[in-house]
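Enquirer: Structure incoming, see below.
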Amino acid sequence: MTGKKFGIGAVLALFCAVQLVPFYLAVTTAFKKQSDLSSVWSFPFSAATTDNFRMAVQEGGVLRAMTNSAIVTVIATILTCVIAALASYPLARRRSGFNRVIEVVILTIMMIPPLSILVPLYSMLNQLNLLNTYAGLILPLVCLELPRAIFLYTQFLRAVPITLEEAGRVDGANTLQIFSRIVIPLLKPVTATVVILTSVYVWNEFALSAYIMSGNRMKTLAPAIASFFGEQGSQVNAAVASSLLGVLPVIIAYLFLQRYFMKGMLAGADKG
């Protein structure tokens, strides 16, 4: 048994090491000068520089882009969670034929590639004067994330005993009171799951952001990093430094929410 545990531990350690290799290469690249042609595996201990981070902030406007991404991510995530929780409650509790059709439609929408709607979406936002505005990016991203969020909330609610709600009705509570006082507190694990999945997607989103938020002061993080690559040359080191700055908020958020994330994924799988 000890040998088996050791073998499993060794495999997991190897797997973790492989996963950390790209991060290590990013760190070594970010602290090297653009003219440093040494191996990407060697860390520049004596010649380490922070010029790439300075370039990322001053020339690339990464901090401003991170602020724009943070605004879009927070608002889009909150709207997604609120709307998905409200929409999933009747889908989970009323198993009618109409609701089954709605669920099929939601699953179908999840399979539509976002880029397939880029041209008509851009045209519509242009007519509504929503290009280079937070609303112009937030609303499409919320619509793209809602199907998955509704699916997760619905599966989770079906695993929650309905007897809790029936007890609330016996005590005289109406539907709104039951939802707000009984159901919502039970949704913490799946809400953490939706928060992580939605926020990471919105934070890293590139395709729509590059077209909708094309103004220099309205760029989000991914297009700002992409601006270091051009026809006249590429600032790879600065781009990598920008990526490291951009990934820090995601890592911090996940460390705080990982316990709820695992609970939500497992609970949603029970009735999947």
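Ordered as shown in the structure tokens, chains take letters A, B, and onward, while each chain numbers its residues from 1 and ligands are numbered from 1 in the order shown.
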List as a tab-separated table every residue of stretch 111-194 of chain A that is in contact with stretch 206-220 of chain A, defined as an atom at most 8 Å from one of its atoms (using only C-alpha atoms), together with the nearest atom pair and the distance in Å rounded to one decimal, sorted by chain and then rising number.

Expert:
```
residue	atom	partner	partner_atom	distance
A:Leu115	CA	A:Ala207	CA	7.2
A:Leu118	CA	A:Leu208	CA	7.0
A:Tyr122	CA	A:Ile212	CA	7.0
A:Leu131	CA	A:Ile212	CA	5.3
A:Asn132	CA	A:Met213	CA	4.5
A:Thr133	CA	A:Met213	CA	7.0
A:Gly136	CA	A:Ile212	CA	7.0
A:Leu137	CA	A:Ile212	CA	6.4
```

Enquirer: Pick out the residues sitting within 10 Å of stretch 171-184 of chain A, and hand them over as an MDAnalysis selection string; count only C-alpha atoms, and ignore anything fewer than 3 positions along from it in its own chain.

Expert: chainID A and resid 85:86 89 157 160 162 164:168 187:188 191

Enquirer: Give me the residues near stretch 21-37 of chain A as a CSV table (one decimal) with C-alpha atoms, in the first residue's frame, where near means some atom within 9 Å (using only C-alpha atoms) and where sequence neighbours in that chain fewer than 2 positions away do not count.

Expert:
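File produced: out.csv:
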```csv
chain,number,residue,atom,x,y,z
A,16,CYS,CA,2.2,19.3,-11.3
A,17,ALA,CA,5.8,19.9,-12.4
A,18,VAL,CA,4.7,19.7,-16.1
A,19,GLN,CA,1.9,22.1,-15.5
A,39,SER,CA,18.5,29.5,-22.9
A,40,VAL,CA,14.9,30.1,-21.9
A,41,TRP,CA,15.5,27.5,-19.1
A,42,SER,CA,18.1,29.6,-17.3
A,43,PHE,CA,17.0,32.3,-14.9
A,44,PRO,CA,19.0,35.6,-15.3
A,47,ALA,CA,21.3,40.2,-15.2
A,48,ALA,CA,17.6,40.2,-14.1
A,49,THR,CA,15.7,43.3,-15.1
A,50,THR,CA,12.3,44.8,-14.4
A,51,ASP,CA,12.3,46.9,-17.6
A,52,ASN,CA,9.8,44.5,-19.2
A,53,PHE,CA,7.3,45.2,-16.4
A,235,GLN,CA,8.3,42.7,-27.7
A,236,VAL,CA,8.0,39.1,-26.4
A,237,ASN,CA,9.5,39.8,-23.0
A,238,ALA,CA,7.2,42.7,-22.3
A,239,ALA,CA,4.2,40.7,-23.5
A,240,VAL,CA,5.1,37.9,-21.1
A,241,ALA,CA,5.5,40.4,-18.2
A,242,SER,CA,2.1,41.7,-19.0
A,243,SER,CA,0.7,38.2,-18.9
A,244,LEU,CA,2.2,37.6,-15.5
```

Enquirer: Expressed in Å to a single decimal, how great is the separation between atom CA of A:Val82 and atom CA of A:Trp203?

Expert: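 Separating atom CA of A:Val82 from atom CA of A:Trp203 is a distance of 18.7 Å.
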
Enquirer: Return as a ChimeraX atom specification the full set of residues in stretch 41-265 of chain A whose backbone-based DSSP assignment is strand (DSSP E or B).

Expert: /A:229-230,233-234

Enquirer: Please measure the separation of atom CA of A:Ile251 and atom CA of A:Val195, giving the value in Å to one decimal.

Expert: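 We find that atom CA of A:Ile251 and atom CA of A:Val195 lie 13.3 Å from each other.
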
Enquirer: What gap, in Å, lies between atom CA of A:Ile106 and atom CA of A:Leu186?

Expert: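 Taking atom CA of A:Ile106 and atom CA of A:Leu186, their separation equals 23.3 Å.
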
Enquirer: Might you pull out every residue within 12 Å of A:Leu107, with only C-alpha atoms counted and same-chain residues fewer than 2 positions away left off, and present them as an MDAnalysis selection string?

Expert: chainID A and resid 100:105 109:112 144:152

Enquirer: Skip A:Val250 itself and residues of its chain fewer than 5 positions away, then list as a PyMOL selection string all residues within 9 Å of it, counting only C-alpha atoms.

Expert: chain A and resi 196+199-200+203+255
